[in-house]
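Novice: My structure file final_24.txt, compact mmCIF, N, CA and C atoms and all ligand atoms, is below:
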```
# COMPACT_ATOMS: atom_id res chain seq x y z
N MET C 1 -40.63 62.67 0.20
CA MET C 1 -40.34 63.47 1.39
C MET C 1 -41.38 63.16 2.45
N THR C 2 -40.93 62.79 3.62
CA THR C 2 -41.88 62.51 4.70
C THR C 2 -42.28 63.83 5.35
N HIS C 3 -43.45 63.84 5.92
CA HIS C 3 -43.87 65.04 6.64
C HIS C 3 -43.89 64.76 8.14
N THR C 4 -43.90 65.83 8.91
CA THR C 4 -43.93 65.71 10.37
C THR C 4 -45.36 65.46 10.82
N ARG C 5 -45.54 64.45 11.61
CA ARG C 5 -46.90 64.12 12.07
C ARG C 5 -47.27 64.96 13.29
N LEU C 6 -48.49 65.50 13.27
CA LEU C 6 -49.05 66.15 14.46
C LEU C 6 -49.47 65.03 15.40
N GLU C 7 -48.77 64.87 16.52
CA GLU C 7 -49.06 63.75 17.42
C GLU C 7 -50.29 64.05 18.27
N HIS C 8 -50.29 65.21 18.93
CA HIS C 8 -51.50 65.61 19.64
C HIS C 8 -51.56 67.11 19.86
N VAL C 9 -52.76 67.54 20.18
CA VAL C 9 -53.02 68.90 20.63
C VAL C 9 -53.50 68.75 22.06
N ALA C 10 -52.96 69.55 23.01
CA ALA C 10 -53.30 69.39 24.42
C ALA C 10 -53.96 70.65 24.96
N ILE C 11 -55.06 70.44 25.68
CA ILE C 11 -55.85 71.52 26.25
C ILE C 11 -55.83 71.37 27.77
N ALA C 12 -55.51 72.45 28.46
CA ALA C 12 -55.51 72.45 29.93
C ALA C 12 -56.93 72.68 30.42
N VAL C 13 -57.36 71.85 31.38
CA VAL C 13 -58.72 71.96 31.92
C VAL C 13 -58.68 71.94 33.44
N GLU C 14 -59.73 72.49 34.05
CA GLU C 14 -59.83 72.49 35.51
C GLU C 14 -60.36 71.15 36.03
N ASP C 15 -61.28 70.56 35.27
CA ASP C 15 -62.01 69.37 35.74
C ASP C 15 -62.06 68.36 34.60
N LEU C 16 -61.29 67.30 34.74
CA LEU C 16 -61.13 66.35 33.64
C LEU C 16 -62.46 65.67 33.26
N ASP C 17 -63.21 65.23 34.27
CA ASP C 17 -64.47 64.54 33.95
C ASP C 17 -65.44 65.45 33.20
N ALA C 18 -65.53 66.70 33.65
CA ALA C 18 -66.43 67.64 32.97
C ALA C 18 -65.95 67.90 31.54
N ALA C 19 -64.63 68.05 31.37
CA ALA C 19 -64.09 68.33 30.04
C ALA C 19 -64.26 67.13 29.11
N VAL C 20 -64.13 65.91 29.67
CA VAL C 20 -64.34 64.71 28.85
C VAL C 20 -65.79 64.66 28.37
N SER C 21 -66.73 65.02 29.23
CA SER C 21 -68.15 65.05 28.80
C SER C 21 -68.35 66.03 27.66
N VAL C 22 -67.77 67.22 27.81
CA VAL C 22 -67.93 68.24 26.77
C VAL C 22 -67.31 67.77 25.45
N TYR C 23 -66.09 67.25 25.50
CA TYR C 23 -65.43 66.84 24.26
C TYR C 23 -66.03 65.56 23.67
N SER C 24 -66.57 64.69 24.50
CA SER C 24 -67.30 63.52 23.96
C SER C 24 -68.49 63.99 23.15
N ALA C 25 -69.19 65.02 23.67
CA ALA C 25 -70.35 65.56 22.96
C ALA C 25 -69.91 66.26 21.67
N ILE C 26 -68.82 67.03 21.75
CA ILE C 26 -68.34 67.75 20.56
C ILE C 26 -67.92 66.76 19.47
N LEU C 27 -67.19 65.72 19.88
CA LEU C 27 -66.60 64.80 18.89
C LEU C 27 -67.55 63.66 18.53
N GLY C 28 -68.55 63.44 19.36
CA GLY C 28 -69.45 62.32 19.11
C GLY C 28 -68.79 60.97 19.32
N GLN C 29 -67.84 60.92 20.24
CA GLN C 29 -67.16 59.65 20.55
C GLN C 29 -66.68 59.70 22.00
N PRO C 30 -66.54 58.54 22.63
CA PRO C 30 -66.03 58.53 24.00
C PRO C 30 -64.52 58.75 24.00
N ASP C 31 -63.97 59.03 25.18
CA ASP C 31 -62.52 59.15 25.25
C ASP C 31 -61.88 57.79 25.02
N SER C 32 -60.63 57.79 24.58
CA SER C 32 -59.94 56.56 24.20
C SER C 32 -59.05 56.03 25.32
N GLY C 33 -58.99 56.74 26.44
CA GLY C 33 -58.17 56.24 27.54
C GLY C 33 -57.73 57.38 28.43
N ARG C 34 -57.23 56.97 29.59
CA ARG C 34 -56.76 57.96 30.57
C ARG C 34 -55.42 57.51 31.10
N GLU C 35 -54.68 58.48 31.60
CA GLU C 35 -53.36 58.16 32.13
C GLU C 35 -52.98 59.23 33.15
N PHE C 36 -52.20 58.81 34.14
CA PHE C 36 -51.62 59.76 35.09
C PHE C 36 -50.13 59.83 34.80
N VAL C 37 -49.63 61.01 34.48
CA VAL C 37 -48.20 61.17 34.24
C VAL C 37 -47.61 61.82 35.48
N GLU C 38 -47.03 60.97 36.30
CA GLU C 38 -46.60 61.38 37.63
C GLU C 38 -45.54 62.49 37.61
N PRO C 39 -44.50 62.37 36.76
CA PRO C 39 -43.48 63.44 36.79
C PRO C 39 -44.04 64.82 36.46
N GLU C 40 -45.08 64.87 35.63
CA GLU C 40 -45.67 66.16 35.25
C GLU C 40 -46.85 66.53 36.14
N GLN C 41 -47.23 65.64 37.05
CA GLN C 41 -48.37 65.86 37.93
C GLN C 41 -49.61 66.26 37.15
N VAL C 42 -49.96 65.39 36.22
CA VAL C 42 -51.10 65.70 35.35
C VAL C 42 -51.88 64.43 35.04
N ARG C 43 -53.20 64.54 35.06
CA ARG C 43 -54.07 63.47 34.58
C ARG C 43 -54.49 63.82 33.17
N ILE C 44 -54.47 62.80 32.30
CA ILE C 44 -54.73 63.03 30.88
C ILE C 44 -55.88 62.15 30.42
N ALA C 45 -56.74 62.69 29.60
CA ALA C 45 -57.70 61.87 28.84
C ALA C 45 -57.42 62.10 27.36
N PHE C 46 -57.44 61.03 26.59
CA PHE C 46 -57.16 61.12 25.15
C PHE C 46 -58.41 60.89 24.34
N PHE C 47 -58.45 61.51 23.19
CA PHE C 47 -59.42 61.16 22.15
C PHE C 47 -58.62 60.86 20.89
N ASP C 48 -58.81 59.69 20.33
CA ASP C 48 -58.15 59.37 19.05
C ASP C 48 -58.84 60.14 17.94
N LEU C 49 -58.03 60.82 17.14
CA LEU C 49 -58.57 61.59 16.01
C LEU C 49 -57.84 61.15 14.75
N GLY C 50 -58.06 59.93 14.33
CA GLY C 50 -57.37 59.44 13.14
C GLY C 50 -55.89 59.35 13.38
N ASP C 51 -55.12 60.16 12.69
CA ASP C 51 -53.67 60.09 12.75
C ASP C 51 -53.09 60.86 13.94
N SER C 52 -53.93 61.59 14.66
CA SER C 52 -53.43 62.30 15.83
C SER C 52 -54.46 62.23 16.95
N ARG C 53 -54.20 62.93 18.04
CA ARG C 53 -55.06 62.82 19.21
C ARG C 53 -55.31 64.20 19.81
N LEU C 54 -56.37 64.24 20.55
CA LEU C 54 -56.63 65.39 21.41
C LEU C 54 -56.38 64.93 22.84
N GLU C 55 -55.68 65.72 23.62
CA GLU C 55 -55.45 65.41 25.02
C GLU C 55 -56.05 66.50 25.89
N LEU C 56 -56.70 66.08 26.95
CA LEU C 56 -57.17 67.02 27.97
C LEU C 56 -56.28 66.81 29.19
N LEU C 57 -55.77 67.89 29.75
CA LEU C 57 -54.82 67.83 30.87
C LEU C 57 -55.41 68.49 32.10
N GLU C 58 -55.46 67.74 33.18
CA GLU C 58 -55.89 68.31 34.46
C GLU C 58 -54.73 68.17 35.45
N PRO C 59 -54.25 69.27 36.00
CA PRO C 59 -53.14 69.18 36.95
C PRO C 59 -53.61 68.53 38.25
N THR C 60 -52.71 67.76 38.89
CA THR C 60 -53.03 67.19 40.19
C THR C 60 -52.36 67.99 41.30
N ALA C 61 -51.62 69.02 40.94
CA ALA C 61 -51.00 69.91 41.93
C ALA C 61 -51.00 71.32 41.36
N GLU C 62 -51.24 72.30 42.24
CA GLU C 62 -51.25 73.70 41.77
C GLU C 62 -49.87 74.13 41.32
N ASP C 63 -48.86 73.62 42.03
CA ASP C 63 -47.49 74.01 41.71
C ASP C 63 -46.87 72.99 40.76
N SER C 64 -47.47 72.87 39.59
CA SER C 64 -46.98 71.99 38.53
C SER C 64 -47.06 72.82 37.25
N PRO C 65 -46.41 72.38 36.18
CA PRO C 65 -46.44 73.20 34.96
C PRO C 65 -47.88 73.53 34.50
N VAL C 66 -48.74 72.53 34.47
CA VAL C 66 -50.10 72.79 33.99
C VAL C 66 -50.92 73.56 35.05
N GLY C 67 -50.63 73.29 36.34
CA GLY C 67 -51.29 74.03 37.42
C GLY C 67 -50.97 75.52 37.34
N ARG C 68 -49.71 75.82 37.10
CA ARG C 68 -49.31 77.24 36.99
C ARG C 68 -49.92 77.89 35.76
N PHE C 69 -49.95 77.13 34.67
CA PHE C 69 -50.55 77.64 33.43
C PHE C 69 -52.02 78.00 33.67
N LEU C 70 -52.76 77.11 34.34
CA LEU C 70 -54.18 77.36 34.60
C LEU C 70 -54.38 78.60 35.45
N ARG C 71 -53.54 78.74 36.46
CA ARG C 71 -53.68 79.90 37.36
C ARG C 71 -53.42 81.19 36.59
N ARG C 72 -52.42 81.16 35.71
CA ARG C 72 -52.03 82.36 34.97
C ARG C 72 -52.98 82.69 33.83
N ARG C 73 -53.38 81.66 33.08
CA ARG C 73 -54.07 81.90 31.81
C ARG C 73 -55.48 81.38 31.77
N GLY C 74 -55.85 80.50 32.72
CA GLY C 74 -57.14 79.84 32.64
C GLY C 74 -57.09 78.68 31.66
N PRO C 75 -58.21 77.95 31.53
CA PRO C 75 -58.25 76.80 30.64
C PRO C 75 -58.01 77.22 29.20
N GLY C 76 -57.44 76.33 28.42
CA GLY C 76 -57.25 76.63 27.00
C GLY C 76 -56.14 75.81 26.40
N LEU C 77 -55.81 76.14 25.16
CA LEU C 77 -54.76 75.42 24.43
C LEU C 77 -53.44 75.50 25.21
N HIS C 78 -52.87 74.36 25.53
CA HIS C 78 -51.64 74.33 26.32
C HIS C 78 -50.41 74.06 25.46
N HIS C 79 -50.46 73.05 24.61
CA HIS C 79 -49.33 72.80 23.71
C HIS C 79 -49.75 71.98 22.50
N ILE C 80 -48.85 71.96 21.53
CA ILE C 80 -49.01 71.15 20.32
C ILE C 80 -47.81 70.21 20.28
N ALA C 81 -48.04 68.95 19.98
CA ALA C 81 -46.95 67.96 19.98
C ALA C 81 -46.69 67.45 18.57
N LEU C 82 -45.42 67.51 18.18
CA LEU C 82 -44.98 67.00 16.89
C LEU C 82 -44.14 65.75 17.12
N GLU C 83 -44.35 64.75 16.31
CA GLU C 83 -43.58 63.52 16.47
C GLU C 83 -42.20 63.66 15.81
N VAL C 84 -41.18 63.22 16.55
CA VAL C 84 -39.83 63.18 15.99
C VAL C 84 -39.31 61.75 16.16
N PRO C 85 -38.55 61.25 15.17
CA PRO C 85 -38.07 59.87 15.27
C PRO C 85 -36.99 59.70 16.34
N ASP C 86 -36.21 60.75 16.57
CA ASP C 86 -35.08 60.66 17.49
C ASP C 86 -34.98 61.99 18.24
N ILE C 87 -35.35 61.96 19.51
CA ILE C 87 -35.51 63.22 20.23
C ILE C 87 -34.17 63.91 20.50
N GLU C 88 -33.11 63.11 20.75
CA GLU C 88 -31.80 63.75 20.99
C GLU C 88 -31.33 64.52 19.75
N SER C 89 -31.47 63.90 18.59
CA SER C 89 -30.98 64.60 17.40
C SER C 89 -31.88 65.79 17.07
N ALA C 90 -33.18 65.68 17.38
CA ALA C 90 -34.07 66.84 17.16
C ALA C 90 -33.66 68.00 18.06
N LEU C 91 -33.38 67.69 19.35
CA LEU C 91 -32.97 68.76 20.28
C LEU C 91 -31.66 69.40 19.84
N GLU C 92 -30.74 68.57 19.41
CA GLU C 92 -29.44 69.08 18.97
C GLU C 92 -29.61 70.02 17.76
N ARG C 93 -30.46 69.60 16.82
CA ARG C 93 -30.69 70.41 15.63
C ARG C 93 -31.35 71.75 16.00
N LEU C 94 -32.33 71.71 16.90
CA LEU C 94 -33.05 72.93 17.24
C LEU C 94 -32.17 73.88 18.05
N ARG C 95 -31.39 73.33 19.01
CA ARG C 95 -30.48 74.19 19.76
C ARG C 95 -29.41 74.76 18.83
N GLY C 96 -28.98 73.95 17.88
CA GLY C 96 -28.00 74.42 16.89
C GLY C 96 -28.55 75.58 16.08
N ALA C 97 -29.86 75.60 15.91
CA ALA C 97 -30.50 76.69 15.17
C ALA C 97 -30.80 77.88 16.08
N GLY C 98 -30.34 77.80 17.35
CA GLY C 98 -30.50 78.93 18.26
C GLY C 98 -31.84 78.96 18.96
N LEU C 99 -32.60 77.87 18.93
CA LEU C 99 -33.91 77.85 19.57
C LEU C 99 -33.76 77.41 21.03
N GLU C 100 -34.70 77.90 21.86
CA GLU C 100 -34.61 77.69 23.30
C GLU C 100 -35.51 76.53 23.72
N THR C 101 -34.92 75.55 24.39
CA THR C 101 -35.72 74.42 24.88
C THR C 101 -36.04 74.62 26.36
N VAL C 102 -37.04 73.91 26.84
CA VAL C 102 -37.41 73.95 28.26
C VAL C 102 -36.73 72.76 28.93
N GLY C 103 -35.71 73.04 29.74
CA GLY C 103 -34.95 71.95 30.35
C GLY C 103 -33.95 71.38 29.35
N GLU C 104 -33.05 70.57 29.87
CA GLU C 104 -31.96 70.05 29.04
C GLU C 104 -32.32 68.70 28.40
N ALA C 105 -32.71 67.75 29.26
CA ALA C 105 -32.86 66.37 28.80
C ALA C 105 -34.32 66.05 28.50
N PRO C 106 -34.56 65.10 27.59
CA PRO C 106 -35.93 64.63 27.37
C PRO C 106 -36.50 64.01 28.65
N ARG C 107 -37.79 64.06 28.82
CA ARG C 107 -38.41 63.40 29.96
C ARG C 107 -39.53 62.46 29.51
N ARG C 108 -40.07 61.72 30.49
CA ARG C 108 -41.08 60.74 30.16
C ARG C 108 -42.43 61.43 30.02
N GLY C 109 -43.09 61.19 28.90
CA GLY C 109 -44.43 61.72 28.69
C GLY C 109 -45.46 60.61 28.78
N ALA C 110 -46.65 60.86 28.28
CA ALA C 110 -47.70 59.84 28.28
C ALA C 110 -47.35 58.73 27.30
N SER C 111 -47.93 57.56 27.52
CA SER C 111 -47.82 56.42 26.60
C SER C 111 -46.39 55.95 26.40
N GLY C 112 -45.55 56.15 27.42
CA GLY C 112 -44.17 55.67 27.33
C GLY C 112 -43.31 56.43 26.34
N ARG C 113 -43.80 57.58 25.86
CA ARG C 113 -43.02 58.36 24.89
C ARG C 113 -42.02 59.22 25.64
N ARG C 114 -40.95 59.61 24.94
CA ARG C 114 -40.02 60.59 25.51
C ARG C 114 -40.30 61.93 24.87
N VAL C 115 -40.34 62.97 25.70
CA VAL C 115 -40.78 64.27 25.22
C VAL C 115 -39.81 65.37 25.65
N ALA C 116 -39.83 66.46 24.92
CA ALA C 116 -39.09 67.67 25.28
C ALA C 116 -39.89 68.84 24.72
N PHE C 117 -39.63 70.02 25.26
CA PHE C 117 -40.43 71.17 24.86
C PHE C 117 -39.56 72.31 24.35
N LEU C 118 -40.08 72.98 23.32
CA LEU C 118 -39.47 74.22 22.85
C LEU C 118 -40.19 75.36 23.55
N HIS C 119 -39.43 76.31 24.04
CA HIS C 119 -40.03 77.44 24.73
C HIS C 119 -40.89 78.27 23.77
N PRO C 120 -42.06 78.72 24.24
CA PRO C 120 -42.92 79.53 23.36
C PRO C 120 -42.21 80.75 22.76
N ARG C 121 -41.20 81.27 23.47
CA ARG C 121 -40.42 82.39 22.90
C ARG C 121 -39.78 82.01 21.58
N SER C 122 -39.50 80.72 21.42
CA SER C 122 -38.81 80.26 20.21
C SER C 122 -39.76 79.70 19.17
N SER C 123 -41.03 79.61 19.49
CA SER C 123 -41.94 78.93 18.55
C SER C 123 -43.26 79.68 18.40
N GLY C 124 -43.15 80.97 18.21
CA GLY C 124 -44.33 81.77 17.85
C GLY C 124 -45.38 81.87 18.93
N GLY C 125 -44.96 81.76 20.21
CA GLY C 125 -45.91 81.95 21.30
C GLY C 125 -46.67 80.70 21.69
N VAL C 126 -46.32 79.57 21.06
CA VAL C 126 -46.99 78.30 21.38
C VAL C 126 -45.96 77.33 21.96
N LEU C 127 -46.31 76.72 23.10
CA LEU C 127 -45.45 75.68 23.66
C LEU C 127 -45.49 74.49 22.71
N LEU C 128 -44.33 74.07 22.25
CA LEU C 128 -44.23 73.00 21.25
C LEU C 128 -43.54 71.80 21.88
N GLU C 129 -44.24 70.67 21.88
CA GLU C 129 -43.67 69.42 22.40
C GLU C 129 -43.07 68.62 21.25
N LEU C 130 -41.91 68.06 21.50
CA LEU C 130 -41.34 67.06 20.58
C LEU C 130 -41.57 65.72 21.24
N SER C 131 -42.04 64.76 20.48
CA SER C 131 -42.49 63.50 21.07
C SER C 131 -41.92 62.33 20.27
N GLU C 132 -41.11 61.52 20.97
CA GLU C 132 -40.51 60.36 20.32
C GLU C 132 -41.33 59.12 20.68
N PRO C 133 -41.69 58.31 19.69
CA PRO C 133 -42.51 57.14 19.98
C PRO C 133 -41.81 56.19 20.95
N ALA C 134 -42.60 55.48 21.76
CA ALA C 134 -42.04 54.42 22.62
C ALA C 134 -41.53 53.31 21.71
N ARG C 135 -40.44 52.67 22.12
CA ARG C 135 -39.96 51.54 21.29
C ARG C 135 -39.74 50.31 22.12
CO CO C 201 -48.25 66.52 25.24
```
Once more with this new file: its structure as structure tokens, please.
Ligand code: CO
Specialist:
Amino acid sequence: MTHTRLEHVAIAVEDLDAAVSVYSAILGQPDSGREFVEPEQVRIAFFDLGDSRLELLEPTAEDSPVGRFLRRRGPGLHHIALEVPDIESALERLRGAGLETVGEAPRRGASGRRVAFLHPRSSGGVLLELSEPAR
């Protein structure tokens, strides 16, 4: 039986450079790369953590999903991402189970992956990302 891989844990931050310094010190390693995800208006820094990653998210616009989250809740855990082999079939299965997704279609995430989100109402108060590997 295969298990579901934890792809990443994402933390919303106000200042990416400052947060990278803090997490480099915590982890004892430099960040593994940066990316700008234009559709989400977010700058990301990654830390490789063996089989999964830590992502730091800094919004580039106040009126963006992460910008609104920061204004409402302040910095902190933003979402957890689980890897799925096929995002369409995962969405179909979850909607079939009566769970609420954020938006209809998958969208482009970091690293060329396709992503979709389960609403926190449907997943124990945590925003849950489904993440399909780039192929
Ligand atoms: Co993510």
Novice: Pick out the residues no farther than 7 Å from ligand CO 201 (chain C), counting only C-alpha atoms and all ligand atoms, and list them as JSON, numbers by chain.
Specialist: {"C": [8, 10, 79, 80, 81, 129]}
Novice: Please list as a list in words every residue within 7 Å of C:Gly109, counting only N, CA and C atoms and excluding residues in the same chain fewer than 5 positions away.
Specialist: Val37, Arg114 and Val115 of chain C
Novice: Record the distance separating atom N of C:Val13 and atom CA of C:Pro59, expressed in Å with one decimal.
Specialist: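 If I compute the distance from atom N of C:Val13 to atom CA of C:Pro59, I get 7.5 Å.
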Novice: Atom CA of C:Glu83 to atom CA of C:Thr4: how many Å, to one decimal?
Specialist: 6.5 Å
Novice: Name all residues at most 12 Å from C:Arg72 (count only C-alpha atoms; drop same-chain ones fewer than 4 positions away) and give them as a PyMOL selection string.
Specialist: chain C and resi 12+62-63+65-68+76+78
Novice: Would you pick out the contacts of C:Gln41 at 6.5 Å or less, using all atoms listed in the file, so that residues sharing its chain but fewer than 6 positions from it are not included, and give the list as a PyMOL selection string?
Specialist: chain C and resi 58-61+64
Novice: Output N, CA and C atoms of each residue in that selection to a file, as an mmCIF file, in the frame of the given file.
Specialist:
```cif
data_model
loop_
_atom_site.group_PDB
_atom_site.id
_atom_site.type_symbol
_atom_site.label_atom_id
_atom_site.label_comp_id
_atom_site.auth_asym_id
_atom_site.auth_seq_id
_atom_site.Cartn_x
_atom_site.Cartn_y
_atom_site.Cartn_z
ATOM 1 N N GLU C 58 -55.460 67.740 33.180
ATOM 2 C CA GLU C 58 -55.890 68.310 34.460
ATOM 3 C C GLU C 58 -54.730 68.170 35.450
ATOM 4 N N PRO C 59 -54.250 69.270 36.000
ATOM 5 C CA PRO C 59 -53.140 69.180 36.950
ATOM 6 C C PRO C 59 -53.610 68.530 38.250
ATOM 7 N N THR C 60 -52.710 67.760 38.890
ATOM 8 C CA THR C 60 -53.030 67.190 40.190
ATOM 9 C C THR C 60 -52.360 67.990 41.300
ATOM 10 N N ALA C 61 -51.620 69.020 40.940
ATOM 11 C CA ALA C 61 -51.000 69.910 41.930
ATOM 12 C C ALA C 61 -51.000 71.320 41.360
ATOM 13 N N SER C 64 -47.470 72.870 39.590
ATOM 14 C CA SER C 64 -46.980 71.990 38.530
ATOM 15 C C SER C 64 -47.060 72.820 37.250
#
```
Novice: Please extract the residues of stretch 11-122 of chain C with a backbone DSSP assignment of strand (DSSP E) and present them as a PyMOL selection string.
Specialist: chain C and resi 11-12+33-37+42-49+52-59+76-83+101-108+114-118
Novice: Just the residues within 8 Å of stretch 24-30 of chain C, please, counting all atoms listed in the file, with nothing from its chain fewer than 3 positions along; format it as a VMD selection string.
Specialist: chain C and resid 18 to 21 33 46 to 48
Novice: From the list C:Ala116, C:Ala110, C:Leu82, C:Val126, which residue is nearest C:Arg5 when using only N, CA and C atoms?
Specialist: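 Smallest distance to C:Arg5 is found for C:Leu82.
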Novice: Step one, run DSSP on the backbone; step two, keep only residues of chain C assigned to alpha helix (DSSP H); then write them as a PDB file with N, CA and C atoms, in the coordinates of the input.
Specialist:
```pdb
ATOM      1  N   LEU C  16     -61.290  67.300  34.740  1.00  0.00           N
ATOM      2  CA  LEU C  16     -61.130  66.350  33.640  1.00  0.00           C
ATOM      3  C   LEU C  16     -62.460  65.670  33.260  1.00  0.00           C
ATOM      4  N   ASP C  17     -63.210  65.230  34.270  1.00  0.00           N
ATOM      5  CA  ASP C  17     -64.470  64.540  33.950  1.00  0.00           C
ATOM      6  C   ASP C  17     -65.440  65.450  33.200  1.00  0.00           C
ATOM      7  N   ALA C  18     -65.530  66.700  33.650  1.00  0.00           N
ATOM      8  CA  ALA C  18     -66.430  67.640  32.970  1.00  0.00           C
ATOM      9  C   ALA C  18     -65.950  67.900  31.540  1.00  0.00           C
ATOM     10  N   ALA C  19     -64.630  68.050  31.370  1.00  0.00           N
ATOM     11  CA  ALA C  19     -64.090  68.330  30.040  1.00  0.00           C
ATOM     12  C   ALA C  19     -64.260  67.130  29.110  1.00  0.00           C
ATOM     13  N   VAL C  20     -64.130  65.910  29.670  1.00  0.00           N
ATOM     14  CA  VAL C  20     -64.340  64.710  28.850  1.00  0.00           C
ATOM     15  C   VAL C  20     -65.790  64.660  28.370  1.00  0.00           C
ATOM     16  N   SER C  21     -66.730  65.020  29.230  1.00  0.00           N
ATOM     17  CA  SER C  21     -68.150  65.050  28.800  1.00  0.00           C
ATOM     18  C   SER C  21     -68.350  66.030  27.660  1.00  0.00           C
ATOM     19  N   VAL C  22     -67.770  67.220  27.810  1.00  0.00           N
ATOM     20  CA  VAL C  22     -67.930  68.240  26.770  1.00  0.00           C
ATOM     21  C   VAL C  22     -67.310  67.770  25.450  1.00  0.00           C
ATOM     22  N   TYR C  23     -66.090  67.250  25.500  1.00  0.00           N
ATOM     23  CA  TYR C  23     -65.430  66.840  24.260  1.00  0.00           C
ATOM     24  C   TYR C  23     -66.030  65.560  23.670  1.00  0.00           C
ATOM     25  N   SER C  24     -66.570  64.690  24.500  1.00  0.00           N
ATOM     26  CA  SER C  24     -67.300  63.520  23.960  1.00  0.00           C
ATOM     27  C   SER C  24     -68.490  63.990  23.150  1.00  0.00           C
ATOM     28  N   ALA C  25     -69.190  65.020  23.670  1.00  0.00           N
ATOM     29  CA  ALA C  25     -70.350  65.560  22.960  1.00  0.00           C
ATOM     30  C   ALA C  25     -69.910  66.260  21.670  1.00  0.00           C
ATOM     31  N   ILE C  26     -68.820  67.030  21.750  1.00  0.00           N
ATOM     32  CA  ILE C  26     -68.340  67.750  20.560  1.00  0.00           C
ATOM     33  C   ILE C  26     -67.920  66.760  19.470  1.00  0.00           C
ATOM     34  N   LEU C  27     -67.190  65.720  19.880  1.00  0.00           N
ATOM     35  CA  LEU C  27     -66.600  64.800  18.890  1.00  0.00           C
ATOM     36  C   LEU C  27     -67.550  63.660  18.530  1.00  0.00           C
ATOM     37  N   PRO C  65     -46.410  72.380  36.180  1.00  0.00           N
ATOM     38  CA  PRO C  65     -46.440  73.200  34.960  1.00  0.00           C
ATOM     39  C   PRO C  65     -47.880  73.530  34.500  1.00  0.00           C
ATOM     40  N   VAL C  66     -48.740  72.530  34.470  1.00  0.00           N
ATOM     41  CA  VAL C  66     -50.100  72.790  33.990  1.00  0.00           C
ATOM     42  C   VAL C  66     -50.920  73.560  35.050  1.00  0.00           C
ATOM     43  N   GLY C  67     -50.630  73.290  36.340  1.00  0.00           N
ATOM     44  CA  GLY C  67     -51.290  74.030  37.420  1.00  0.00           C
ATOM     45  C   GLY C  67     -50.970  75.520  37.340  1.00  0.00           C
ATOM     46  N   ARG C  68     -49.710  75.820  37.100  1.00  0.00           N
ATOM     47  CA  ARG C  68     -49.310  77.240  36.990  1.00  0.00           C
ATOM     48  C   ARG C  68     -49.920  77.890  35.760  1.00  0.00           C
ATOM     49  N   PHE C  69     -49.950  77.130  34.670  1.00  0.00           N
ATOM     50  CA  PHE C  69     -50.550  77.640  33.430  1.00  0.00           C
ATOM     51  C   PHE C  69     -52.020  78.000  33.670  1.00  0.00           C
ATOM     52  N   LEU C  70     -52.760  77.110  34.340  1.00  0.00           N
ATOM     53  CA  LEU C  70     -54.180  77.360  34.600  1.00  0.00           C
ATOM     54  C   LEU C  70     -54.380  78.600  35.450  1.00  0.00           C
ATOM     55  N   ARG C  71     -53.540  78.740  36.460  1.00  0.00           N
ATOM     56  CA  ARG C  71     -53.680  79.900  37.360  1.00  0.00           C
ATOM     57  C   ARG C  71     -53.420  81.190  36.590  1.00  0.00           C
ATOM     58  N   ARG C  72     -52.420  81.160  35.710  1.00  0.00           N
ATOM     59  CA  ARG C  72     -52.030  82.360  34.970  1.00  0.00           C
ATOM     60  C   ARG C  72     -52.980  82.690  33.830  1.00  0.00           C
ATOM     61  N   ARG C  73     -53.380  81.660  33.080  1.00  0.00           N
ATOM     62  CA  ARG C  73     -54.070  81.900  31.810  1.00  0.00           C
ATOM     63  C   ARG C  73     -55.480  81.380  31.770  1.00  0.00           C
ATOM     64  N   ILE C  87     -35.350  61.960  19.510  1.00  0.00           N
ATOM     65  CA  ILE C  87     -35.510  63.220  20.230  1.00  0.00           C
ATOM     66  C   ILE C  87     -34.170  63.910  20.500  1.00  0.00           C
ATOM     67  N   GLU C  88     -33.110  63.110  20.750  1.00  0.00           N
ATOM     68  CA  GLU C  88     -31.800  63.750  20.990  1.00  0.00           C
ATOM     69  C   GLU C  88     -31.330  64.520  19.750  1.00  0.00           C
ATOM     70  N   SER C  89     -31.470  63.900  18.590  1.00  0.00           N
ATOM     71  CA  SER C  89     -30.980  64.600  17.400  1.00  0.00           C
ATOM     72  C   SER C  89     -31.880  65.790  17.070  1.00  0.00           C
ATOM     73  N   ALA C  90     -33.180  65.680  17.380  1.00  0.00           N
ATOM     74  CA  ALA C  90     -34.070  66.840  17.160  1.00  0.00           C
ATOM     75  C   ALA C  90     -33.660  68.000  18.060  1.00  0.00           C
ATOM     76  N   LEU C  91     -33.380  67.690  19.350  1.00  0.00           N
ATOM     77  CA  LEU C  91     -32.970  68.760  20.280  1.00  0.00           C
ATOM     78  C   LEU C  91     -31.660  69.400  19.840  1.00  0.00           C
ATOM     79  N   GLU C  92     -30.740  68.570  19.410  1.00  0.00           N
ATOM     80  CA  GLU C  92     -29.440  69.080  18.970  1.00  0.00           C
ATOM     81  C   GLU C  92     -29.610  70.020  17.760  1.00  0.00           C
ATOM     82  N   ARG C  93     -30.460  69.600  16.820  1.00  0.00           N
ATOM     83  CA  ARG C  93     -30.690  70.410  15.630  1.00  0.00           C
ATOM     84  C   ARG C  93     -31.350  71.750  16.000  1.00  0.00           C
ATOM     85  N   LEU C  94     -32.330  71.710  16.900  1.00  0.00           N
ATOM     86  CA  LEU C  94     -33.050  72.930  17.240  1.00  0.00           C
ATOM     87  C   LEU C  94     -32.170  73.880  18.050  1.00  0.00           C
ATOM     88  N   ARG C  95     -31.390  73.330  19.010  1.00  0.00           N
ATOM     89  CA  ARG C  95     -30.480  74.190  19.760  1.00  0.00           C
ATOM     90  C   ARG C  95     -29.410  74.760  18.830  1.00  0.00           C
ATOM     91  N   GLY C  96     -28.980  73.950  17.880  1.00  0.00           N
ATOM     92  CA  GLY C  96     -28.000  74.420  16.890  1.00  0.00           C
ATOM     93  C   GLY C  96     -28.550  75.580  16.080  1.00  0.00           C
TER      94      GLY C  96
END
```
Novice: At what distance in Å, to one decimal, does atom N of C:Arg135 lie from atom CA of C:Ser123?
Specialist: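 According to the coordinates, atom CA of C:Ser123 and atom N of C:Arg135 are separated by 26.5 Å.
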Novice: May I ask which of the residues C:Glu88, C:Glu7, C:Glu35, C:Glu14 is the closest one to C:Leu70, counting only N, CA and C atoms?
Specialist: C:Glu14
